[in-house]
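Working notes, structure below.
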Amino acid sequence: MHIIVDSTCDLPLEEARALGVSVLLLKVFFGAEGYRDKVDLANEAFFERLKQSARMPTTSMATPEDFREEFDRHPNEEILVITISSLLSGTGQSAYIAKNDAGRSDILVVDSGSVSIGHALLIRVAARLRDEGMGAQRIAEELELLKPRLRVYAVIDTLKYLVKGGRLSGAQGALGTILSLKPIIAVRDGKVTNVDRARGSKGALRRLGALVEKEPADGDLPVAYAHAGDREAMGELMRIVGIEGPGVWLGSVVGAHTGPGAVAMAYFAK
C-alpha cells in the first residue's frame with residue numbers, strides 16, 4: 001500500500017522518504033517566478049523574500065495530472081491519498097478527479113480537514129498503521145475517526161497575509177490588529193479561524209498554552225510544532241505546553257499565508 005500527500009503538510013522531505021510517502025510539490029509564485037515548495041527556495045530564504053516583497057506571493061494547487069502521474073507509478077498497489085483541507089485548496093478535488101479518471105477502486109482519498117503540521121500528524125499515523133499491516137480502507141476509516149480530535153493552533157505576527165490570501169475575512173483580520181494584539185488562529189472544521197489574541201508574543205504563547213490545557217493532548221498519539229523563522233519562540237511554546245515533539249519550518253506555500261514569525265502546534269485531544 002502506498003501513501004501520497006501534498007507538500008502543504010510541511011513534512012520534511014527526508015522524513016517523507018524514510019516513511020515511504022510520496023509528496024506532490026505545490027508551488028509559490030513571486031510575480032511570474034515560480035518555486036517548488038521546499039525544493040527551489042529554502043525556507044529561510046523564502047521568508048526573507050516574503051518580508052521584502054511589495055506584493056503577496058500566490059500559490060498553486062496540485063493538478064489532476066500530478067496525481068495521475070503518481071498513480072501510474074504504483075499500478076499494483078493500493079493507494080491512500082491524504083490532502084490539505086478541501087476548504088483551503090482545490091488539491092483534494094484534483095485527487096478525486098484523478099481517481100475517477102484512473103477508474104481504479106483501490107485508490108482512497110482522505111481530506112485531512114487540516115494543513116501543515118496537523119496534516120502531517122495524520123500522515124505519520126497512516127504510515128504507522130500501514131507498517132503494522134493495515135490496508136488503505138481501514139486506515140482511511142481510522143483517520144476519519146481521528147480528524148475530529150485534531151487540534152492545530154498558531155500564534156502569528158499579523159493577520160494581513162491570511163486576509164490578503166483570502167483565508168480570513170477582513171472583519172476577522174481587523175479583530176487581530178486591535179491594540180497591536182498578537183492573533184491566535186486555529187484550523188477548525190477545515191477552515192482557518194481567529195480564536196484569541198494577547199499582548200505580545202509571550203502573552204500569546206501563554207494563551208495558546210491555556211487552550212491546550214483546556215483540551216489536553218493524548219499522550220499515545222504524536223504531537224508536532226512548526227515555526228516561520230523563530231525557533232526560540234517554538235522552544236518557548238514547547239516549554240509552556242510541557243510536551244516535547246518534532247519541530248519543523250513552515251513551508252513556503254503555508255508560510256505565504258501565515259507570514260514570517262508564526263509558531264504553531266498540532267496534537268490530538270484526549
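Simple scheme: letters A, B, ... for chains in C-alpha cells order, numbers from 1 for residues in each chain, numbers from 1 for ligands in the order shown.
Assigned to alpha helix (DSSP H) in stretch 37-74 of chain A, given DSSP computed from backbone atoms, are Asn43, Glu44, Ala45, Phe46, Phe47, Glu48, Arg49, Leu50, Lys51, Gln52, Pro64, Glu65, Asp66, Phe67, Arg68, Glu69, Glu70, Phe71 and Asp72 of chain A.
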Might you pull out every residue within 6 Å of A:Leu80, with only C-alpha atoms counted and same-chain residues fewer than 3 positions away left off, and present them as a ChimeraX atom specification?
/A:3,107-109,136
Just the residues within 10 Å of A:Asp189, please, counting only C-alpha atoms, with nothing from its chain fewer than 5 positions along; format it as a short mmCIF file (atom, residue, chain, number, x, y, z; two decimals) with C-alpha atoms, in the first residue's frame.
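Dumped to result00.cif:
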data_model
loop_
_atom_site.label_atom_id
_atom_site.label_comp_id
_atom_site.auth_asym_id
_atom_site.auth_seq_id
_atom_site.Cartn_x
_atom_site.Cartn_y
_atom_site.Cartn_z
CA SER A 85 -8.37 20.62 3.71
CA LEU A 87 -11.85 24.31 2.14
CA SER A 112 -7.29 15.85 6.21
CA GLY A 113 -9.52 18.79 7.15
CA SER A 114 -6.26 20.41 8.18
CA LYS A 147 -9.88 14.03 12.50
CA PRO A 148 -12.41 15.49 14.99
CA LEU A 150 -7.06 17.03 15.72
#
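Candidate residues A:Ala262, A:Ala62, A:Ala98, A:Ala228 were compared for distance to A:Asp6, and the nearest is A:Ala62, using only C-alpha atoms.
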Select, from A:Ala120, A:Ala126, A:Leu26, A:Ala186, the residue with the minimum atom-to-atom distance to A:Ala154, counting only C-alpha atoms.
A:Ala186
